[in-house]
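S.K.: The file below is model-v4.tsv, TSV, C-alpha atoms:
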chain	number	residue	atom	x	y	z
A	1	MET	CA	130.71	96.46	83.84
A	2	SER	CA	130.60	98.37	87.10
A	3	HIS	CA	127.37	100.13	87.82
A	4	LEU	CA	128.73	102.22	90.67
A	5	ALA	CA	128.09	105.96	90.45
A	6	LYS	CA	131.81	106.72	90.36
A	7	ASP	CA	132.18	104.70	87.15
A	8	MET	CA	129.25	106.38	85.39
A	9	THR	CA	131.27	108.82	83.32
A	10	PRO	CA	129.90	110.64	80.26
A	11	ASP	CA	131.59	108.00	78.04
A	12	VAL	CA	129.23	105.27	79.30
A	13	THR	CA	126.60	104.69	76.61
A	14	TRP	CA	122.92	104.05	77.21
A	15	LYS	CA	123.47	100.36	76.48
A	16	ASP	CA	125.66	100.04	79.54
A	17	ILE	CA	123.56	101.81	82.14
A	18	THR	CA	121.35	99.79	84.45
A	19	PRO	CA	117.88	98.75	83.25
A	20	GLY	CA	115.29	101.20	84.59
A	21	CYS	CA	118.15	103.45	85.77
A	22	ASN	CA	118.30	101.50	89.02
A	23	ILE	CA	120.95	102.65	91.49
A	24	PHE	CA	122.48	100.00	93.74
A	25	GLU	CA	124.09	102.30	96.33
A	26	GLY	CA	122.63	104.82	98.79
A	27	GLY	CA	123.45	108.51	99.11
A	28	THR	CA	125.60	108.78	95.97
A	29	SER	CA	124.67	112.46	95.63
A	30	ALA	CA	127.21	113.13	98.39
A	31	ALA	CA	129.77	113.33	95.57
A	32	VAL	CA	127.96	116.27	93.97
A	33	GLU	CA	129.17	119.73	94.94
A	34	THR	CA	126.27	122.16	95.29
A	35	GLY	CA	128.32	124.69	97.26
A	36	ASP	CA	129.32	126.41	94.01
A	37	TRP	CA	125.74	127.74	93.68
A	38	ARG	CA	126.37	129.96	96.68
A	39	THR	CA	126.50	133.76	96.42
A	40	MET	CA	126.28	134.41	100.17
A	41	ARG	CA	128.34	132.44	102.67
A	42	PRO	CA	127.28	131.77	106.28
A	43	VAL	CA	130.09	132.43	108.75
A	44	ILE	CA	129.81	131.41	112.39
A	45	ASP	CA	131.22	133.35	115.32
A	46	TRP	CA	132.01	130.58	117.83
A	47	ASP	CA	132.21	133.10	120.69
A	48	LYS	CA	128.55	133.95	120.20
A	49	CYS	CA	127.31	130.42	119.45
A	50	ARG	CA	125.57	128.88	122.49
A	51	GLN	CA	124.98	125.47	120.86
A	52	CYS	CA	121.18	125.83	121.04
A	53	LEU	CA	121.09	123.89	117.72
A	54	LEU	CA	118.11	125.81	116.31
A	55	CYS	CA	120.10	126.29	113.09
A	56	ALA	CA	120.66	122.58	112.45
A	57	PRO	CA	117.16	121.26	111.61
A	58	VAL	CA	116.32	124.17	109.27
A	59	CYS	CA	119.14	123.47	106.82
A	60	PRO	CA	117.78	122.09	103.53
A	61	ASP	CA	121.24	120.94	102.47
A	62	LEU	CA	122.36	119.02	105.56
A	63	SER	CA	125.29	121.40	105.88
A	64	ILE	CA	125.15	121.80	109.66
A	65	PRO	CA	126.47	118.55	111.14
A	66	VAL	CA	125.68	117.65	114.75
A	67	GLY	CA	128.27	115.33	116.25
A	68	PRO	CA	127.89	112.46	118.73
A	69	ASP	CA	128.70	114.97	121.51
A	70	GLY	CA	125.47	116.85	120.63
A	71	LYS	CA	127.31	119.93	119.41
A	72	ARG	CA	127.16	121.47	115.96
A	73	GLY	CA	130.33	121.62	113.88
A	74	GLU	CA	131.63	123.85	111.11
A	75	PHE	CA	129.43	124.38	108.02
A	76	ASN	CA	129.79	121.88	105.22
A	77	TYR	CA	130.55	124.35	102.43
A	78	PHE	CA	130.63	121.54	99.86
A	79	PHE	CA	126.80	121.36	100.04
A	80	CYS	CA	125.74	124.75	101.49
A	81	LYS	CA	123.84	126.81	98.89
A	82	GLY	CA	123.83	129.94	101.06
A	83	CYS	CA	120.05	130.26	101.56
A	84	GLY	CA	120.55	132.06	104.89
A	85	ILE	CA	117.76	130.36	106.90
A	86	CYS	CA	120.26	129.41	109.63
A	87	SER	CA	121.50	132.98	109.97
A	88	ASN	CA	117.92	134.26	110.28
A	89	VAL	CA	116.92	131.72	112.90
A	90	CYS	CA	119.95	132.16	115.20
A	91	PRO	CA	118.77	133.91	118.40
A	92	PHE	CA	122.30	135.07	119.27
A	93	GLY	CA	123.35	136.63	115.96
A	94	ALA	CA	126.22	134.16	115.71
A	95	ILE	CA	125.82	133.47	111.98
A	96	THR	CA	126.43	136.27	109.48
A	97	MET	CA	126.05	136.06	105.73
A	98	VAL	CA	129.00	137.47	103.80
A	99	LYS	CA	129.39	137.91	100.07
A	100	GLU	CA	131.12	134.93	98.51
A	101	ALA	CA	134.55	135.89	97.12
A	102	LYS	CA	134.97	135.13	93.42
B	1	MET	CA	109.88	109.97	126.17
B	2	SER	CA	109.99	113.73	126.03
B	3	TYR	CA	111.30	115.47	122.94
B	4	SER	CA	114.85	116.77	122.82
B	5	LEU	CA	116.12	118.65	119.77
B	6	LYS	CA	119.67	117.64	120.63
B	7	GLU	CA	118.89	113.92	120.77
B	8	ASN	CA	116.80	114.21	117.63
B	9	LEU	CA	119.70	115.79	115.72
B	10	MET	CA	122.19	113.20	116.97
B	11	LYS	CA	120.30	110.54	115.03
B	12	GLU	CA	121.65	109.56	111.64
B	13	GLU	CA	120.37	111.62	108.70
B	14	ARG	CA	118.76	109.48	106.01
B	15	LEU	CA	118.96	112.10	103.28
B	16	SER	CA	122.29	113.14	101.82
B	17	GLY	CA	123.48	116.56	100.70
B	18	GLY	CA	124.28	117.12	97.04
B	19	HIS	CA	120.61	117.03	96.02
B	20	ARG	CA	119.61	119.78	93.59
B	21	MET	CA	116.64	121.37	95.36
B	22	CYS	CA	116.75	125.20	95.28
B	23	ALA	CA	118.56	127.10	98.03
B	24	GLY	CA	116.15	127.57	100.93
B	25	CYS	CA	113.61	124.96	99.76
B	26	GLY	CA	111.20	123.71	102.43
B	27	SER	CA	110.78	120.17	101.15
B	28	PRO	CA	114.19	118.64	102.04
B	29	ILE	CA	113.71	120.10	105.54
B	30	ALA	CA	110.41	118.21	105.80
B	31	VAL	CA	111.95	115.01	104.42
B	32	ARG	CA	114.99	114.89	106.69
B	33	THR	CA	112.87	115.69	109.74
B	34	VAL	CA	110.32	112.97	108.98
B	35	LEU	CA	113.08	110.41	108.31
B	36	ARG	CA	114.81	111.28	111.61
B	37	ALA	CA	111.60	110.25	113.35
B	38	LEU	CA	112.39	106.64	112.46
B	39	GLU	CA	113.93	104.57	115.25
B	40	PRO	CA	117.62	104.03	114.38
B	41	GLU	CA	117.26	100.24	114.12
B	42	ASP	CA	114.35	100.40	111.67
B	43	LYS	CA	114.74	100.55	107.91
B	44	ALA	CA	112.45	102.35	105.52
B	45	VAL	CA	111.36	102.20	101.92
B	46	VAL	CA	110.64	105.67	100.59
B	47	CYS	CA	108.47	106.29	97.56
B	48	SER	CA	108.00	109.63	95.91
B	49	ALA	CA	105.45	110.93	93.48
B	50	THR	CA	106.90	112.92	90.61
B	51	SER	CA	107.76	116.29	92.10
B	52	CYS	CA	110.57	118.78	92.63
B	53	LEU	CA	111.73	116.43	95.35
B	54	GLU	CA	111.84	113.39	93.07
B	55	VAL	CA	113.60	115.00	90.11
B	56	SER	CA	116.14	116.75	92.33
B	57	THR	CA	117.05	113.92	94.68
B	58	PHE	CA	117.20	111.08	92.17
B	59	MET	CA	119.25	111.93	89.09
B	60	TYR	CA	120.97	108.85	87.72
B	61	PRO	CA	123.51	107.81	88.92
B	62	TYR	CA	123.13	110.12	91.92
B	63	THR	CA	120.60	109.50	94.68
B	64	ALA	CA	120.28	111.62	97.81
B	65	TRP	CA	118.42	108.78	99.57
B	66	LYS	CA	120.64	106.66	101.78
B	67	GLY	CA	118.06	103.88	101.94
B	68	SER	CA	115.67	102.23	99.49
B	69	PHE	CA	113.84	104.58	97.19
B	70	ILE	CA	111.26	103.93	94.51
B	71	HIS	CA	109.68	106.30	92.03
B	72	ASN	CA	106.97	105.17	89.67
B	73	ALA	CA	104.86	107.98	88.21
B	74	PHE	CA	103.13	111.21	89.14
B	75	GLU	CA	99.75	109.76	90.02
B	76	ASN	CA	100.56	106.55	91.86
B	77	ALA	CA	102.84	107.04	94.88
B	78	GLY	CA	100.05	105.70	97.13
B	79	ALA	CA	99.55	102.61	94.97
B	80	THR	CA	103.29	101.99	94.59
B	81	ILE	CA	104.13	102.11	98.28
B	82	SER	CA	101.09	99.99	99.16
B	83	GLY	CA	102.35	97.34	96.72
B	84	VAL	CA	105.78	97.37	98.34
B	85	GLU	CA	104.20	97.10	101.79
B	86	THR	CA	102.10	94.10	100.70
B	87	ALA	CA	105.18	92.35	99.27
B	88	TYR	CA	106.96	92.95	102.60
B	89	LYS	CA	104.09	91.44	104.56
B	90	VAL	CA	104.13	88.33	102.37
B	91	MET	CA	107.92	87.94	102.60
B	92	LYS	CA	107.79	88.43	106.35
B	93	LYS	CA	105.09	85.74	106.64
B	94	LYS	CA	107.23	83.33	104.60
B	95	GLY	CA	110.19	84.03	106.87
B	96	GLN	CA	112.28	85.64	104.13
B	97	LEU	CA	112.84	88.87	106.07
B	98	ASP	CA	113.70	89.58	109.71
B	99	ASP	CA	114.20	93.32	109.86
B	100	THR	CA	111.47	95.84	110.60
B	101	TRP	CA	110.73	98.03	107.61
B	102	LYS	CA	108.56	101.11	107.46
B	103	PHE	CA	106.91	102.53	104.34
B	104	ILE	CA	106.83	106.24	103.67
B	105	ALA	CA	105.57	108.05	100.59
B	106	PHE	CA	106.32	111.69	99.83
B	107	GLY	CA	104.36	113.80	97.40
B	108	GLY	CA	104.04	117.47	96.61
B	109	ASP	CA	100.65	119.11	96.64
B	110	GLY	CA	100.25	118.51	92.89
B	111	GLY	CA	100.93	114.79	93.29
B	112	THR	CA	98.74	114.58	96.39
B	113	TYR	CA	95.84	117.06	96.24
B	114	ASP	CA	95.31	116.64	92.48
B	115	ILE	CA	96.99	113.94	90.42
B	116	GLY	CA	97.65	111.26	93.05
B	117	LEU	CA	94.44	111.68	95.04
B	118	GLN	CA	92.70	108.54	93.79
B	119	SER	CA	95.73	106.33	94.42
B	120	LEU	CA	96.26	107.87	97.86
B	121	SER	CA	92.58	107.44	98.72
B	122	GLY	CA	92.72	103.78	97.63
B	123	ALA	CA	95.83	103.07	99.69
B	124	MET	CA	94.29	104.66	102.79
B	125	GLU	CA	91.02	102.76	102.33
B	126	ARG	CA	92.80	99.40	101.95
B	127	GLY	CA	94.50	99.98	105.29
B	128	HIS	CA	98.17	99.48	104.41
B	129	ASP	CA	100.67	100.07	107.21
B	130	MET	CA	102.22	103.18	105.69
B	131	VAL	CA	102.60	106.93	105.99
B	132	TYR	CA	101.88	109.37	103.21
B	133	VAL	CA	103.58	112.73	103.70
B	134	CYS	CA	102.43	115.63	101.58
B	135	TYR	CA	104.90	118.50	101.46
B	136	ASP	CA	102.51	121.25	100.55
B	137	ASN	CA	104.06	124.19	98.69
B	138	GLU	CA	100.74	125.24	97.21
B	139	ALA	CA	101.42	125.06	93.44
B	140	TYR	CA	103.17	123.04	90.70
B	141	MET	CA	106.59	124.52	91.44
B	142	ASN	CA	108.59	121.97	89.45
B	143	THR	CA	107.09	123.04	86.12
B	144	GLY	CA	106.99	126.76	86.83
B	145	ILE	CA	104.42	127.75	89.48
B	146	GLN	CA	101.11	126.66	87.97
B	147	ARG	CA	98.08	126.68	90.26
B	148	SER	CA	96.97	123.46	91.97
B	149	SER	CA	93.89	122.75	94.06
B	150	SER	CA	96.11	123.53	97.06
B	151	THR	CA	96.94	127.07	95.89
B	152	PRO	CA	95.26	129.55	98.23
B	153	HIS	CA	92.57	132.02	97.22
B	154	PHE	CA	93.90	135.09	95.30
B	155	ALA	CA	97.48	133.74	94.99
B	156	ASP	CA	99.30	134.93	91.89
B	157	THR	CA	100.65	132.01	89.83
B	158	THR	CA	101.60	131.69	86.15
B	159	THR	CA	98.19	130.19	85.33
B	160	THR	CA	96.25	132.56	87.61
B	161	PRO	CA	98.12	135.82	86.99
B	162	ALA	CA	96.80	138.68	89.08
B	163	GLY	CA	95.98	141.71	86.96
B	164	THR	CA	93.12	143.93	85.93
B	165	VAL	CA	90.91	141.05	84.77
B	166	ILE	CA	91.35	138.39	87.47
B	167	PRO	CA	92.51	138.86	91.10
B	168	GLY	CA	94.82	135.81	91.18
B	169	LYS	CA	93.40	132.34	91.87
B	170	LEU	CA	89.61	132.52	91.87
B	171	GLN	CA	89.01	129.37	93.91
B	172	LYS	CA	89.71	128.52	97.53
B	173	LYS	CA	92.30	126.02	98.76
B	174	LYS	CA	91.10	122.44	99.07
B	175	ASP	CA	91.16	121.10	102.64
B	176	LEU	CA	92.96	117.81	102.02
B	177	THR	CA	93.69	117.11	105.70
B	178	LYS	CA	89.97	116.88	106.41
B	179	ILE	CA	89.43	114.73	103.31
B	180	MET	CA	91.98	112.29	104.74
B	181	VAL	CA	90.24	112.40	108.13
B	182	ALA	CA	87.06	111.38	106.33
B	183	HIS	CA	88.77	108.11	105.34
B	184	GLY	CA	88.52	107.08	108.99
B	185	ILE	CA	92.23	106.21	109.20
B	186	PRO	CA	93.96	105.94	112.59
B	187	TYR	CA	96.24	108.99	112.26
B	188	VAL	CA	96.13	112.30	110.39
B	189	GLY	CA	98.35	115.25	111.24
B	190	GLN	CA	98.84	118.76	109.94
B	191	THR	CA	102.11	120.49	110.76
B	192	THR	CA	104.97	122.70	109.61
B	193	PHE	CA	108.37	123.91	110.84
B	194	ILE	CA	108.08	125.78	114.11
B	195	GLY	CA	110.72	126.62	116.74
B	196	ASN	CA	112.64	123.53	117.80
B	197	PHE	CA	110.75	121.16	115.43
B	198	LYS	CA	108.93	119.44	118.29
B	199	ASP	CA	105.55	119.50	116.57
B	200	ILE	CA	106.62	117.98	113.25
B	201	SER	CA	109.01	115.46	114.84
B	202	GLU	CA	106.42	114.10	117.27
B	203	LYS	CA	103.72	113.95	114.61
B	204	ALA	CA	106.05	112.15	112.21
B	205	HIS	CA	106.92	109.61	114.90
B	206	ARG	CA	103.25	109.00	115.70
B	207	ALA	CA	102.42	108.71	111.99
B	208	ILE	CA	105.18	106.15	111.37
B	209	TYR	CA	104.55	104.05	114.47
B	210	THR	CA	100.75	104.02	114.37
B	211	PRO	CA	99.78	100.64	112.87
B	212	GLY	CA	97.78	101.15	109.69
B	213	PRO	CA	97.60	104.05	107.30
B	214	ALA	CA	98.61	107.55	108.37
B	215	PHE	CA	98.70	110.89	106.60
B	216	LEU	CA	100.83	113.92	107.36
B	217	ASN	CA	100.33	117.29	105.70
B	218	VAL	CA	103.39	119.52	106.03
B	219	MET	CA	103.43	123.12	104.85
B	220	ALA	CA	106.77	123.47	103.04
B	221	PRO	CA	107.31	127.01	101.71
B	222	CYS	CA	108.82	127.58	98.27
B	223	PRO	CA	110.85	130.83	98.14
B	224	ARG	CA	110.72	130.89	94.35
B	225	GLY	CA	106.98	130.36	93.96
B	226	TRP	CA	105.81	132.29	97.02
B	227	ARG	CA	108.28	135.07	96.22
B	228	TYR	CA	109.90	135.77	99.56
B	229	PRO	CA	113.65	135.97	100.33
B	230	SER	CA	114.84	132.41	101.02
B	231	GLU	CA	116.24	133.25	104.48
B	232	LYS	CA	112.72	134.15	105.77
B	233	LEU	CA	111.38	130.58	105.68
B	234	MET	CA	110.86	130.22	109.42
B	235	LYS	CA	109.21	133.64	109.57
B	236	VAL	CA	106.70	132.58	106.91
B	237	THR	CA	105.78	129.29	108.62
B	238	LYS	CA	105.48	131.05	111.98
B	239	ALA	CA	103.17	133.68	110.48
B	240	ALA	CA	101.06	130.93	108.88
B	241	VAL	CA	100.54	129.33	112.29
B	242	GLU	CA	100.06	132.55	114.28
B	243	THR	CA	97.43	133.85	111.84
B	244	CYS	CA	95.68	130.43	111.82
B	245	VAL	CA	96.07	130.19	108.03
B	246	TRP	CA	97.76	126.81	108.68
B	247	PRO	CA	96.57	125.51	112.07
B	248	LEU	CA	98.56	122.73	113.73
B	249	TYR	CA	96.38	119.80	114.70
B	250	GLU	CA	96.11	116.05	114.57
B	251	VAL	CA	93.27	113.57	114.42
B	252	ILE	CA	93.82	110.31	116.29
B	253	GLU	CA	91.17	107.63	115.71
B	254	GLY	CA	88.72	110.33	114.61
B	255	LYS	CA	89.35	112.59	117.62
B	256	TYR	CA	90.49	116.11	116.71
B	257	ILE	CA	93.30	117.48	118.90
B	258	LEU	CA	94.56	121.05	118.55
B	259	SER	CA	98.36	121.12	118.83
B	260	TYR	CA	98.81	124.85	119.21
B	261	GLU	CA	96.50	127.79	119.89
B	262	PRO	CA	98.01	131.25	119.36
B	263	LYS	CA	97.64	133.45	122.43
B	264	GLN	CA	96.63	136.33	120.19
B	265	LYS	CA	95.42	135.33	116.73
B	266	LYS	CA	97.18	137.67	114.30
B	267	PRO	CA	95.45	139.31	111.29
B	268	VAL	CA	96.08	137.50	107.95
B	269	GLU	CA	98.00	140.51	106.60
B	270	GLU	CA	100.92	139.39	108.80
B	271	TYR	CA	101.18	136.25	106.66
B	272	LEU	CA	100.19	137.68	103.27
B	273	LYS	CA	102.53	140.69	103.34
B	274	LEU	CA	105.63	138.49	103.53
B	275	GLN	CA	104.99	136.99	100.10
B	276	GLY	CA	105.13	138.43	96.60
B	277	ARG	CA	102.36	136.13	95.36
B	278	PHE	CA	99.90	138.16	97.49
B	279	ALA	CA	101.42	141.63	96.80
B	280	HIS	CA	98.50	142.70	94.57
B	281	MET	CA	96.13	142.30	97.53
B	282	PHE	CA	97.75	145.32	99.18
B	283	ARG	CA	97.11	147.70	96.25
B	284	PRO	CA	94.47	150.40	96.78
B	285	GLY	CA	91.01	149.13	95.86
B	286	ASN	CA	91.88	145.48	96.64
B	287	GLU	CA	91.16	145.60	100.38
B	288	TRP	CA	88.13	143.36	99.81
B	289	MET	CA	90.47	140.44	98.99
B	290	ILE	CA	92.18	140.64	102.35
B	291	ARG	CA	88.80	140.97	104.09
B	292	GLN	CA	87.54	137.90	102.27
B	293	VAL	CA	90.63	135.82	103.13
B	294	GLN	CA	90.29	136.89	106.78
B	295	GLU	CA	86.64	135.77	106.77
B	296	GLU	CA	87.60	132.40	105.29
B	297	VAL	CA	90.41	131.87	107.79
B	298	ASP	CA	88.12	132.84	110.70
B	299	ARG	CA	85.41	130.45	109.52
B	300	ASN	CA	87.85	127.53	109.13
B	301	TRP	CA	89.47	128.26	112.50
B	302	GLU	CA	86.12	128.39	114.33
B	303	ALA	CA	85.08	125.14	112.65
B	304	LEU	CA	88.32	123.50	113.73
B	305	LEU	CA	87.93	124.71	117.32
B	306	THR	CA	84.41	123.26	117.37
B	307	LEU	CA	85.72	119.90	116.14
B	308	CYS	CA	88.49	119.92	118.75
B	309	ASN	CA	86.03	120.65	121.55
B	310	LEU	CA	83.62	117.85	120.65
Can the structure from this file be put into structure tokens for me?
M.R.:
Amino acid sequence: MSHLAKDMTPDVTWKDITPGCNIFEGGTSAAVETGDWRTMRPVIDWDKCRQCLLCAPVCPDLSIPVGPDGKRGEFNYFFCKGCGICSNVCPFGAITMVKEAK
Amino acid sequence: MSYSLKENLMKEERLSGGHRMCAGCGSPIAVRTVLRALEPEDKAVVCSATSCLEVSTFMYPYTAWKGSFIHNAFENAGATISGVETAYKVMKKKGQLDDTWKFIAFGGDGGTYDIGLQSLSGAMERGHDMVYVCYDNEAYMNTGIQRSSSTPHFADTTTTPAGTVIPGKLQKKKDLTKIMVAHGIPYVGQTTFIGNFKDISEKAHRAIYTPGPAFLNVMAPCPRGWRYPSEKLMKVTKAAVETCVWPLYEVIEGKYILSYEPKQKKPVEEYLKLQGRFAHMFRPGNEWMIRQVQEEVDRNWEALLTLCNL
């Protein structure tokens, strides 16, 4: 049977999983939404953002992508857990944390 | 080549989102920064000791690691990665592999300062071409904030609860970085997250590309265990460096090099007051604890300056 993460549904029994729980693909956690943990949502004001990129390396959830042009893009809200480090580190006050709507 | 944050961030990330570390955790920040220090054409095998990092990034069938990852047990990350490195050397010699692979182990302070110390010490002594990165969050956070030998003096943890009988942890923090220096290995660095990440990125690159064993000790704050609001992470690491609680330095071939000297060394209160685990030290009658911590920090800092000026 397939041992790809996408085929590992709750119906798969222990007899059919890989020996030693080996995983034969990389980065399969990208399918897992952790954004639903969030209570506060970072919102960027592009008029204030000066692309200094200080917010990008501090993100524990890799939610601030930097493109091949060397500029940061929109937040990846699929992963962002709303910790607020980026908002605190921004020297221009471009990122504000707002309460997540239910 | 001089460091550029922009160029550093344009490199491919080798850790994926969707891992289940807490919001605001310091350890994935350490991991992704260290892995970005790899040259894009090089591959890496990552090993992790049992830790928050391991249980949260590798939950079958989901892995947050884009490359090869191996977990064995709590106490043997050093032994495991050294075995993988030896197998690589043999395969390379037999012509079965062409690519360049690097070998990086990650461990928390529990898996490094305490439980994995013998296996780490053995790996360093045998001289494997590897890097061991300790992300030091100063307690066993994964199991609920129990004290480790890395927990600082007077810190409140679930096994050293500060109250009327004991003032938090009774013992001082173990200086693992200096223990690793004593192994006589070619590279040892101590760092954390500061400003544009120049310090940690350059140290990680040197650690990975120095032939032979290297050790990197990275302070990685834990908002849950240190009890500070998660958004203050960079404020906490900055205070640790500015108060000289966590000095930034490296030791290359036995030579101590100070990476950063604060213009005005700040009093330790600046660091302690940010964190709930030290809150009891600010109650009336407990001033002696702060005085004692200040004395310890001053002594360690002076000793480090002496070593750097040798």
S.K.: May I have the residues of chain A within 7 Å of chain B, counting only C-alpha atoms, written as a ChimeraX atom specification?
M.R.: /A:5,8,21,23,26-34,54,58-62,66-68,70,79,81-85,88
S.K.: What's the separation between CA of Asp109 in chain B and CA of Glu287 in chain B, in Å to one decimal place?
M.R.: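 For CA of Asp109 in chain B relative to CA of Glu287 in chain B, the distance reads 28.4 Å.
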S.K.: Quote the spacing between CA of Gly184 in chain B and CA of Ala79 in chain B in Å to one decimal place.
M.R.: 18.4 Å
S.K.: List every protein, DNA or RNA residue that has at least one atom no more than 12 Å from (126.9, 105.4, 81.9) in the file's coordinates, counting all atoms listed in the file, and write the result as number ranges by chain.
M.R.: A: 1-19, 21-23; B: 60-62
S.K.: Of the residues B:Gln146, B:Ser2, B:Asp114, B:Thr164, which is the one nearest to Gly285 in chain B, using only C-alpha atoms?
M.R.: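 Smallest separation from Gly285 in chain B among the options: B:Thr164.
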S.K.: Could you check the closest approach to Leu216 in chain B for each of B:Leu304, B:Val133, B:Ile252, B:Ala87 and tell me which residue wins, using all atoms listed in the file?
M.R.: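 Smallest separation from Leu216 in chain B among the options: B:Val133.
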S.K.: What is the CA of Val241 in chain B-CA of Ser121 in chain B distance in Å, reported with one decimal?
M.R.: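 Going from CA of Val241 in chain B over to CA of Ser121 in chain B, I get 27.0 Å.
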S.K.: Please provide as a PyMOL selection string all residues within 10 Å of Glu295 in chain B, with the sequence filter that same-chain residues fewer than 6 positions apart are discarded (counting all atoms listed in the file).
M.R.: chain B and resi 268+289+301
S.K.: Which residue gives the smallest distance to Glu74 in chain A among A:Asp36, A:Glu25, A:Asp45, A:Glu100, with all atoms listed in the file counted?
M.R.: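 The shortest atom-to-atom distance to Glu74 in chain A comes from A:Asp45.
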S.K.: Would you mind listing what lies within 12 Å of Lys48 in chain A as a ChimeraX atom specification, with only C-alpha atoms counted and same-chain residues fewer than 4 positions away left out?
M.R.: /A:43-44,52,90-96
S.K.: Nearest to Thr39 in chain A among A:Cys80, A:Gly73, A:Ala56, A:Cys86, with distances taken over only C-alpha atoms: which residue is it?
M.R.: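 Nearest candidate to Thr39 in chain A out of A:Cys80, A:Gly73, A:Ala56, A:Cys86: A:Cys80.
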S.K.: Which residue gives the smallest distance to Arg147 in chain B among B:Lys172, B:Lys92, B:His71, B:Lys203, with only C-alpha atoms counted?
M.R.: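 Among B:Lys172, B:Lys92, B:His71, B:Lys203, it is B:Lys172 that comes nearest to Arg147 in chain B.
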S.K.: Starting from the point (85.0, 108.1, 108.3), work out which residues of protein, DNA or RNA have an atom no more than 12 Å away when counting all atoms listed in the file; state them as an MDAnalysis selection string.
M.R.: chainID B and resid 124:125 178:187 251 253:255
